[in-house]
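S.K.: Input file: data35.pdb. Contents: PDB, C-alpha atoms, pLDDT in the B column.
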```pdb
ATOM      1  CA  MET A  24      16.422  -1.394   5.121  1.00 41.00           C
ATOM      2  CA  PRO A  25      13.053   0.235   4.537  1.00 41.00           C
ATOM      3  CA  PRO A  26      10.659  -1.820   2.466  1.00 47.00           C
ATOM      4  CA  PHE A  27       9.877  -0.515  -1.001  1.00 43.00           C
ATOM      5  CA  LEU A  28       6.521  -0.990  -2.610  1.00 46.00           C
ATOM      6  CA  LEU A  29       5.515  -0.465  -6.213  1.00 46.00           C
ATOM      7  CA  LEU A  30       1.807  -0.514  -7.067  1.00 44.00           C
ATOM      8  CA  PHE A  31       0.217  -1.002 -10.474  1.00 41.00           C
ATOM      9  CA  SER A  32      -3.349  -1.742 -11.580  1.00 38.00           C
ATOM     10  CA  VAL A  33      -3.725  -4.756 -13.824  1.00 41.00           C
ATOM     11  CA  GLY A  34      -6.702  -5.499 -15.831  1.00 38.00           C
ATOM     12  CA  ALA A  35     -10.079 -14.658  -4.723  1.00 33.00           C
ATOM     13  CA  GLU A  36      -7.696 -15.016  -1.925  1.00 32.00           C
ATOM     14  CA  SER A  37      -4.454 -17.023  -1.706  1.00 34.00           C
ATOM     15  CA  GLU A  38      -0.836 -16.947  -0.580  1.00 36.00           C
ATOM     16  CA  PHE A  39       2.483 -18.062  -2.269  1.00 34.00           C
ATOM     17  CA  CYS A  40       4.175 -21.323  -0.801  1.00 36.00           C
ATOM     18  CA  SER A  41       5.870 -24.406  -2.374  1.00 35.00           C
ATOM     19  CA  GLY A  42       7.576 -27.216  -0.447  1.00 37.00           C
ATOM     20  CA  LEU A  43       8.674 -25.180   2.480  1.00 42.00           C
ATOM     21  CA  ASN A  44       8.836 -22.336   0.216  1.00 50.00           C
ATOM     22  CA  LEU A  45       6.110 -20.551   2.050  1.00 57.00           C
ATOM     23  CA  ILE A  46       6.166 -18.395  -0.992  1.00 60.00           C
ATOM     24  CA  SER A  47       2.794 -19.885  -2.162  1.00 64.00           C
ATOM     25  CA  GLU A  48      -0.041 -21.915  -0.602  1.00 62.00           C
ATOM     26  CA  ASN A  49      -2.346 -22.885  -3.424  1.00 73.00           C
ATOM     27  CA  THR A  50      -2.620 -23.680  -7.093  1.00 80.00           C
ATOM     28  CA  GLN A  51      -3.515 -20.093  -8.069  1.00 83.00           C
ATOM     29  CA  THR A  52      -0.314 -18.659  -6.661  1.00 87.00           C
ATOM     30  CA  ASP A  53       1.667 -21.749  -7.710  1.00 89.00           C
ATOM     31  CA  ARG A  54       0.695 -20.907 -11.314  1.00 91.00           C
ATOM     32  CA  ILE A  55       1.807 -17.294 -10.801  1.00 94.00           C
ATOM     33  CA  VAL A  56       5.148 -18.438  -9.383  1.00 93.00           C
ATOM     34  CA  ALA A  57       5.633 -20.816 -12.325  1.00 94.00           C
ATOM     35  CA  VAL A  58       5.091 -17.913 -14.748  1.00 96.00           C
ATOM     36  CA  ILE A  59       7.436 -15.360 -13.138  1.00 97.00           C
ATOM     37  CA  GLU A  60      10.068 -17.148 -11.035  1.00 96.00           C
ATOM     38  CA  ASP A  61      12.627 -18.100 -13.715  1.00 96.00           C
ATOM     39  CA  SER A  62      12.565 -14.716 -15.456  1.00 97.00           C
ATOM     40  CA  LEU A  63      12.957 -12.850 -12.167  1.00 97.00           C
ATOM     41  CA  ALA A  64      15.829 -15.188 -11.252  1.00 97.00           C
ATOM     42  CA  ASP A  65      17.494 -14.358 -14.584  1.00 98.00           C
ATOM     43  CA  LEU A  66      17.337 -10.690 -13.528  1.00 98.00           C
ATOM     44  CA  GLY A  67      19.018 -11.495 -10.190  1.00 98.00           C
ATOM     45  CA  PHE A  68      15.911 -11.642  -7.978  1.00 97.00           C
ATOM     46  CA  GLU A  69      14.589 -14.342  -5.659  1.00 95.00           C
ATOM     47  CA  LEU A  70      10.927 -14.667  -4.790  1.00 95.00           C
ATOM     48  CA  VAL A  71      10.300 -14.362  -1.068  1.00 94.00           C
ATOM     49  CA  ARG A  72       6.508 -14.358  -1.005  1.00 92.00           C
ATOM     50  CA  VAL A  73       3.556 -14.115  -3.351  1.00 93.00           C
ATOM     51  CA  PHE A  74       0.063 -13.291  -2.094  1.00 90.00           C
ATOM     52  CA  TYR A  75      -3.128 -12.918  -4.089  1.00 90.00           C
ATOM     53  CA  GLY A  76      -6.396 -11.858  -2.500  1.00 87.00           C
ATOM     54  CA  GLY A  77      -8.388  -9.175  -0.800  1.00 82.00           C
ATOM     55  CA  ALA A  78     -11.899  -7.823  -0.782  1.00 80.00           C
ATOM     56  CA  GLY A  79     -13.130  -5.792  -3.719  1.00 85.00           C
ATOM     57  CA  ARG A  80     -10.363  -5.501  -6.279  1.00 88.00           C
ATOM     58  CA  PRO A  81      -7.830  -8.265  -5.479  1.00 90.00           C
ATOM     59  CA  VAL A  82      -4.131  -7.528  -4.975  1.00 92.00           C
ATOM     60  CA  LEU A  83      -1.211  -9.595  -6.243  1.00 94.00           C
ATOM     61  CA  GLN A  84       1.711  -8.918  -3.922  1.00 93.00           C
ATOM     62  CA  ILE A  85       5.164 -10.084  -4.995  1.00 96.00           C
ATOM     63  CA  MET A  86       7.999  -9.799  -2.483  1.00 95.00           C
ATOM     64  CA  ILE A  87      11.550 -10.052  -3.856  1.00 96.00           C
ATOM     65  CA  ASP A  88      15.121 -10.259  -2.597  1.00 95.00           C
ATOM     66  CA  ARG A  89      18.257  -9.662  -4.595  1.00 96.00           C
ATOM     67  CA  ALA A  90      20.239 -12.852  -5.194  1.00 95.00           C
ATOM     68  CA  ASP A  91      23.483 -10.953  -4.505  1.00 94.00           C
ATOM     69  CA  GLY A  92      22.310 -10.100  -0.968  1.00 89.00           C
ATOM     70  CA  LYS A  93      22.224  -6.336  -1.512  1.00 91.00           C
ATOM     71  CA  ASP A  94      19.224  -4.249  -0.484  1.00 90.00           C
ATOM     72  CA  VAL A  95      16.301  -4.145  -2.897  1.00 94.00           C
ATOM     73  CA  THR A  96      15.966  -0.703  -4.510  1.00 95.00           C
ATOM     74  CA  ILE A  97      13.049   1.125  -6.062  1.00 96.00           C
ATOM     75  CA  GLU A  98      14.657   0.456  -9.449  1.00 97.00           C
ATOM     76  CA  ASP A  99      14.713  -3.278  -8.641  1.00 97.00           C
ATOM     77  CA  CYS A 100      11.008  -3.201  -7.771  1.00 97.00           C
ATOM     78  CA  THR A 101      10.260  -1.323 -10.993  1.00 97.00           C
ATOM     79  CA  LEU A 102      12.188  -3.830 -13.107  1.00 98.00           C
ATOM     80  CA  ALA A 103      10.608  -6.826 -11.358  1.00 98.00           C
ATOM     81  CA  SER A 104       7.141  -5.267 -11.644  1.00 97.00           C
ATOM     82  CA  ARG A 105       7.460  -4.569 -15.372  1.00 97.00           C
ATOM     83  CA  THR A 106       8.807  -8.059 -16.008  1.00 98.00           C
ATOM     84  CA  ALA A 107       6.147  -9.810 -13.921  1.00 97.00           C
ATOM     85  CA  SER A 108       3.385  -7.688 -15.435  1.00 96.00           C
ATOM     86  CA  ALA A 109       4.428  -8.546 -19.010  1.00 97.00           C
ATOM     87  CA  LEU A 110       4.726 -12.260 -18.212  1.00 97.00           C
ATOM     88  CA  LEU A 111       1.375 -12.336 -16.417  1.00 96.00           C
ATOM     89  CA  ASP A 112      -0.320 -10.462 -19.270  1.00 95.00           C
ATOM     90  CA  VAL A 113       0.796 -13.173 -21.699  1.00 95.00           C
ATOM     91  CA  ALA A 114       0.145 -16.222 -19.477  1.00 94.00           C
ATOM     92  CA  ASP A 115      -3.056 -14.732 -17.987  1.00 91.00           C
ATOM     93  CA  PRO A 116      -3.209 -16.895 -14.821  1.00 91.00           C
ATOM     94  CA  ILE A 117      -5.555 -14.353 -13.197  1.00 89.00           C
ATOM     95  CA  ARG A 118      -8.747 -13.716 -15.143  1.00 86.00           C
ATOM     96  CA  ASP A 119     -10.061 -10.736 -13.140  1.00 86.00           C
ATOM     97  CA  ALA A 120      -8.628  -7.224 -12.778  1.00 90.00           C
ATOM     98  CA  TYR A 121      -6.185  -6.847  -9.878  1.00 92.00           C
ATOM     99  CA  GLU A 122      -3.566  -4.520  -8.389  1.00 94.00           C
ATOM    100  CA  LEU A 123       0.082  -5.592  -8.716  1.00 96.00           C
ATOM    101  CA  GLU A 124       2.430  -4.707  -5.849  1.00 96.00           C
ATOM    102  CA  VAL A 125       6.146  -5.508  -5.869  1.00 97.00           C
ATOM    103  CA  SER A 126       8.171  -4.881  -2.721  1.00 96.00           C
ATOM    104  CA  SER A 127      11.238  -5.775  -0.699  1.00 94.00           C
ATOM    105  CA  PRO A 128      10.777  -8.010   2.355  1.00 93.00           C
ATOM    106  CA  GLY A 129      11.522  -5.173   4.791  1.00 91.00           C
ATOM    107  CA  ILE A 130      13.347  -5.419   8.102  1.00 90.00           C
ATOM    108  CA  ASP A 131      10.881  -7.724   9.864  1.00 90.00           C
ATOM    109  CA  ARG A 132      10.761  -9.961   6.827  1.00 93.00           C
ATOM    110  CA  PRO A 133       8.901 -13.221   6.491  1.00 94.00           C
ATOM    111  CA  LEU A 134      11.037 -16.348   6.616  1.00 94.00           C
ATOM    112  CA  THR A 135       9.793 -18.420   3.696  1.00 91.00           C
ATOM    113  CA  ARG A 136      12.732 -20.567   2.590  1.00 90.00           C
ATOM    114  CA  PRO A 137      14.952 -22.945   4.565  1.00 91.00           C
ATOM    115  CA  LYS A 138      17.975 -20.721   3.874  1.00 91.00           C
ATOM    116  CA  ASP A 139      16.195 -17.782   5.580  1.00 93.00           C
ATOM    117  CA  PHE A 140      16.279 -19.621   8.927  1.00 95.00           C
ATOM    118  CA  ASP A 141      20.048 -20.016   8.565  1.00 95.00           C
ATOM    119  CA  SER A 142      20.724 -16.538   7.141  1.00 92.00           C
ATOM    120  CA  PHE A 143      18.955 -14.865  10.053  1.00 94.00           C
ATOM    121  CA  ALA A 144      20.230 -17.162  12.820  1.00 94.00           C
ATOM    122  CA  GLY A 145      20.788 -15.140  15.970  1.00 94.00           C
ATOM    123  CA  TYR A 146      17.745 -12.915  15.474  1.00 95.00           C
ATOM    124  CA  GLU A 147      14.415 -13.183  17.235  1.00 95.00           C
ATOM    125  CA  ALA A 148      11.555 -14.680  15.231  1.00 96.00           C
ATOM    126  CA  LYS A 149       7.943 -15.797  15.532  1.00 95.00           C
ATOM    127  CA  VAL A 150       7.092 -19.199  14.105  1.00 95.00           C
ATOM    128  CA  GLU A 151       3.593 -20.605  13.677  1.00 95.00           C
ATOM    129  CA  LEU A 152       3.077 -24.266  12.864  1.00 95.00           C
ATOM    130  CA  LYS A 153       0.293 -25.965  10.922  1.00 93.00           C
ATOM    131  CA  GLN A 154       0.055 -28.615  13.658  1.00 92.00           C
ATOM    132  CA  ALA A 155       0.705 -28.284  17.380  1.00 93.00           C
ATOM    133  CA  VAL A 156       3.917 -29.549  18.960  1.00 87.00           C
ATOM    134  CA  ASP A 157       3.560 -30.292  22.681  1.00 84.00           C
ATOM    135  CA  GLY A 158       0.216 -28.461  22.627  1.00 91.00           C
ATOM    136  CA  ARG A 159       1.592 -25.292  21.022  1.00 90.00           C
ATOM    137  CA  ARG A 160       1.395 -23.889  17.510  1.00 94.00           C
ATOM    138  CA  ARG A 161       3.037 -20.481  18.103  1.00 94.00           C
ATOM    139  CA  PHE A 162       6.618 -19.989  19.184  1.00 93.00           C
ATOM    140  CA  ARG A 163       8.884 -17.005  19.721  1.00 93.00           C
ATOM    141  CA  GLY A 164      12.606 -17.307  20.121  1.00 93.00           C
ATOM    142  CA  ARG A 165      16.100 -16.734  18.815  1.00 95.00           C
ATOM    143  CA  LEU A 166      16.763 -18.534  15.545  1.00 95.00           C
ATOM    144  CA  LEU A 167      19.535 -21.122  15.678  1.00 96.00           C
ATOM    145  CA  GLY A 168      19.257 -22.249  12.040  1.00 95.00           C
ATOM    146  CA  VAL A 169      17.998 -25.404  10.355  1.00 95.00           C
ATOM    147  CA  GLU A 170      19.318 -28.902  10.992  1.00 94.00           C
ATOM    148  CA  ASP A 171      17.890 -32.168   9.622  1.00 93.00           C
ATOM    149  CA  ASP A 172      14.811 -30.388   8.207  1.00 93.00           C
ATOM    150  CA  ARG A 173      13.987 -28.907  11.613  1.00 95.00           C
ATOM    151  CA  VAL A 174      14.036 -25.252  12.661  1.00 95.00           C
ATOM    152  CA  ARG A 175      16.164 -24.784  15.767  1.00 95.00           C
ATOM    153  CA  LEU A 176      14.883 -22.077  18.099  1.00 94.00           C
ATOM    154  CA  ALA A 177      16.033 -20.882  21.528  1.00 93.00           C
ATOM    155  CA  ASP A 178      12.572 -20.608  23.086  1.00 83.00           C
ATOM    156  CA  LEU A 179      11.870 -17.299  24.831  1.00 78.00           C
ATOM    157  CA  GLU A 180       8.448 -18.346  26.171  1.00 72.00           C
ATOM    158  CA  ALA A 181       9.078 -21.720  27.846  1.00 69.00           C
ATOM    159  CA  GLU A 182      11.527 -23.461  30.126  1.00 63.00           C
ATOM    160  CA  ALA A 183      13.224 -25.409  27.325  1.00 65.00           C
ATOM    161  CA  ASP A 184      16.636 -24.174  26.214  1.00 82.00           C
ATOM    162  CA  GLU A 185      16.118 -25.178  22.596  1.00 89.00           C
ATOM    163  CA  LEU A 186      13.202 -26.317  20.486  1.00 89.00           C
ATOM    164  CA  THR A 187      13.309 -28.098  17.180  1.00 92.00           C
ATOM    165  CA  LEU A 188      10.278 -27.583  14.987  1.00 94.00           C
ATOM    166  CA  PRO A 189       9.497 -29.541  11.815  1.00 93.00           C
ATOM    167  CA  LEU A 190      10.330 -27.321   8.856  1.00 92.00           C
ATOM    168  CA  ALA A 191       7.578 -28.934   6.776  1.00 91.00           C
ATOM    169  CA  ASP A 192       4.976 -27.900   9.396  1.00 93.00           C
ATOM    170  CA  VAL A 193       5.872 -24.188   9.419  1.00 93.00           C
ATOM    171  CA  ALA A 194       2.783 -22.205   8.377  1.00 92.00           C
ATOM    172  CA  ARG A 195       4.289 -18.742   8.936  1.00 93.00           C
ATOM    173  CA  ALA A 196       7.513 -17.319  10.262  1.00 95.00           C
ATOM    174  CA  LYS A 197       8.910 -13.818  10.432  1.00 95.00           C
ATOM    175  CA  LEU A 198      11.599 -11.806  12.141  1.00 96.00           C
ATOM    176  CA  VAL A 199      10.561  -9.763  15.168  1.00 95.00           C
ATOM    177  CA  MET A 200      11.081  -6.022  14.858  1.00 94.00           C
ATOM    178  CA  ASN A 201      13.302  -5.004  17.762  1.00 93.00           C
ATOM    179  CA  ASP A 202      16.251  -2.708  18.468  1.00 92.00           C
ATOM    180  CA  GLU A 203      18.791  -5.419  17.594  1.00 92.00           C
ATOM    181  CA  LEU A 204      17.246  -6.033  14.163  1.00 91.00           C
ATOM    182  CA  ILE A 205      16.936  -2.310  13.416  1.00 90.00           C
ATOM    183  CA  ALA A 206      20.571  -1.719  14.416  1.00 91.00           C
ATOM    184  CA  ALA A 207      21.740  -4.588  12.193  1.00 87.00           C
ATOM    185  CA  ALA A 208      19.774  -3.221   9.242  1.00 85.00           C
ATOM    186  CA  GLN A 209      21.191   0.289   9.759  1.00 84.00           C
ATOM    187  CA  LYS A 210      24.712  -1.075  10.102  1.00 81.00           C
ATOM    188  CA  GLY A 211      24.311  -3.062   6.883  1.00 70.00           C
ATOM    189  CA  ARG A 212      23.169   0.048   5.052  1.00 57.00           C
ATOM    190  CA  THR A 213      26.084   2.174   6.228  1.00 47.00           C
ATOM    191  CA  ASN A 214      28.612  -0.595   5.406  1.00 51.00           C
ATOM    192  CA  GLU A 215      27.340  -0.833   1.803  1.00 49.00           C
ATOM    193  CA  GLY A 216      27.780   2.824   0.971  1.00 42.00           C
TER     194      GLY A 216
END
```
When written as structure tokens, how does the structure in this file appear?

M.R.:
Amino acid sequence: MPPFLLLFSVGAESEFCSGLNLISENTQTDRIVAVIEDSLADLGFELVRVFYGGAGRPVLQIMIDRADGKDVTIEDCTLASRTASALLDVADPIRDAYELEVSSPGIDRPLTRPKDFDSFAGYEAKVELKQAVDGRRRFRGRLLGVEDDRVRLADLEAEADELTLPLADVARAKLVMNDELIAAAQKGRTNEG
């Protein structure tokens, strides 16, 4: 599925992660999530990631998924953008002017919630930890899901058959764009029509 992006001007750097919702990393984006998350959920959307930052005029990027598992459409991004914009205008968690972008996660999506590691089991992913495990912070392998708050990964870079990485220590994770992932996305699109 191609990612969609909607850009609006509205008128400090941070990233959205809570718990192992790598959706927001700091209090600024936590406040943004608190303002928009419930209303977007009522519309059938799940937050995947929220990022605020950039040089010059900052950008607030909101990445959404549909709760029903269908592909995010341009109309979905428009609805989510209008809703988030209205809520943010009232709550005013960002004092300065900024650009608002609402998009789908795209094919090589970030993995920001525990359920993402299970939903995309079988696909190749990159995982970066906050703290090193056995001297490594970066891993690449085939996702095997989550078990006991640990990400299971068939390591493609070491001798080990399987690694287990602490879910709470995941700093970033995303699917790797490859032929298998592209084929799965194209197959999903043709099966929906």

S.K.: List every protein, DNA or RNA residue that has an atom no more than 10 Å from (7.1, -7.0, -12.9) in the file's coordinate frame, counting all atoms listed in the file, and report them as a VMD selection string.

M.R.: chain A and resid 29 31 59 62 to 63 85 99 to 111 123 to 125

S.K.: Please determine, counting all atoms listed in the file, which residue among A:Met86, A:Val56, A:Ala148, A:Ile130 has the shortest atom-to-atom distance to A:Lys197.

M.R.: A:Ala148

S.K.: Contacts of stretch 137-145 of chain A at 10 Å or less, counting only C-alpha atoms, minus same-chain residues fewer than 2 places along, as a CSV table (one decimal) with C-alpha atoms, in the frame of the given file?

M.R.:
```
chain,number,residue,atom,x,y,z
A,42,GLY,CA,7.6,-27.2,-0.4
A,43,LEU,CA,8.7,-25.2,2.5
A,44,ASN,CA,8.8,-22.3,0.2
A,45,LEU,CA,6.1,-20.6,2.0
A,71,VAL,CA,10.3,-14.4,-1.1
A,132,ARG,CA,10.8,-10.0,6.8
A,133,PRO,CA,8.9,-13.2,6.5
A,134,LEU,CA,11.0,-16.3,6.6
A,135,THR,CA,9.8,-18.4,3.7
A,147,GLU,CA,14.4,-13.2,17.2
A,148,ALA,CA,11.6,-14.7,15.2
A,164,GLY,CA,12.6,-17.3,20.1
A,165,ARG,CA,16.1,-16.7,18.8
A,166,LEU,CA,16.8,-18.5,15.5
A,167,LEU,CA,19.5,-21.1,15.7
A,168,GLY,CA,19.3,-22.2,12.0
A,169,VAL,CA,18.0,-25.4,10.4
A,170,GLU,CA,19.3,-28.9,11.0
A,172,ASP,CA,14.8,-30.4,8.2
A,173,ARG,CA,14.0,-28.9,11.6
A,174,VAL,CA,14.0,-25.3,12.7
A,175,ARG,CA,16.2,-24.8,15.8
A,176,LEU,CA,14.9,-22.1,18.1
A,177,ALA,CA,16.0,-20.9,21.5
A,190,LEU,CA,10.3,-27.3,8.9
A,191,ALA,CA,7.6,-28.9,6.8
A,196,ALA,CA,7.5,-17.3,10.3
A,197,LYS,CA,8.9,-13.8,10.4
A,198,LEU,CA,11.6,-11.8,12.1
A,204,LEU,CA,17.2,-6.0,14.2
```

S.K.: Report, in Å to a single decimal, how far apart atom CA of A:Val73 and atom CA of A:Phe162 are.

M.R.: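 Distance between the two atoms: 23.5 Å.
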
S.K.: Separation of atom CA of A:Thr52 and atom CA of A:Ile97, in Å?

M.R.: 23.9 Å

S.K.: Could you tell me how far atom CA of A:Ser126 sits from atom CA of A:Arg161, in Å to one decimal place?

M.R.: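 Taking atom CA of A:Arg161 as the start and atom CA of A:Ser126 as the end point, the length is 26.5 Å.
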
S.K.: Here is a test: counting only C-alpha atoms, which residue of A:Val199, A:Pro128, A:Glu122, A:Val193 is nearest to A:Lys149?

M.R.: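 Distance minimum relative to A:Lys149 lands on A:Val199.
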
S.K.: Which of these residues is nearest to A:Gly77, using all atoms listed in the file: A:Asp115, A:Tyr121, A:Ile55, A:Ile205?

M.R.: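 Answer, going by the shortest atom-to-atom distance: A:Tyr121.
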
S.K.: Provide an axis-aligned box for all listed atoms of stretch 158-174 of chain A, padding each side by 4 Å; report its centre and its edge lengths in Å to one decimal, as lines of an AutoDock Vina configuration file.

M.R.:
```
center_x = 9.9
center_y = -24.5
center_z = 15.4
size_x = 27.3
size_y = 23.4
size_z = 22.4
```

S.K.: Looking at A:Asp91, A:Leu188, A:Arg80, A:Asp131, which one is nearest to A:Asp202, with distances taken over only C-alpha atoms?

M.R.: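 Comparing A:Asp91, A:Leu188, A:Arg80, A:Asp131 against A:Asp202, the winner is A:Asp131.
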
S.K.: Kindly indicate which residue among A:Ala90, A:Ala208, A:Ala57, A:Leu83 lies nearest to A:Glu69, using all atoms listed in the file for the distances.

M.R.: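 Residue with the minimum atom-to-atom distance to A:Glu69: A:Ala90.
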
S.K.: What do you get, as a list of chain:residue names, if you spell out every residue that the PyMOL selection byres ((chain A and resi 152) around 6) selects here?

M.R.: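 That selection, the PyMOL selection byres ((chain A and resi 152) around 6), comes back as A:Glu151, A:Lys153, A:Gln154, A:Arg160, A:Asp192, A:Val193, A:Ala194.
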
S.K.: Identify which of the residues A:Glu98, A:Asp65, A:Glu203, A:Glu60 lies closest to A:Tyr146, counting only C-alpha atoms when measuring atom-to-atom distances.

M.R.: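 Residue with the minimum atom-to-atom distance to A:Tyr146: A:Glu203.
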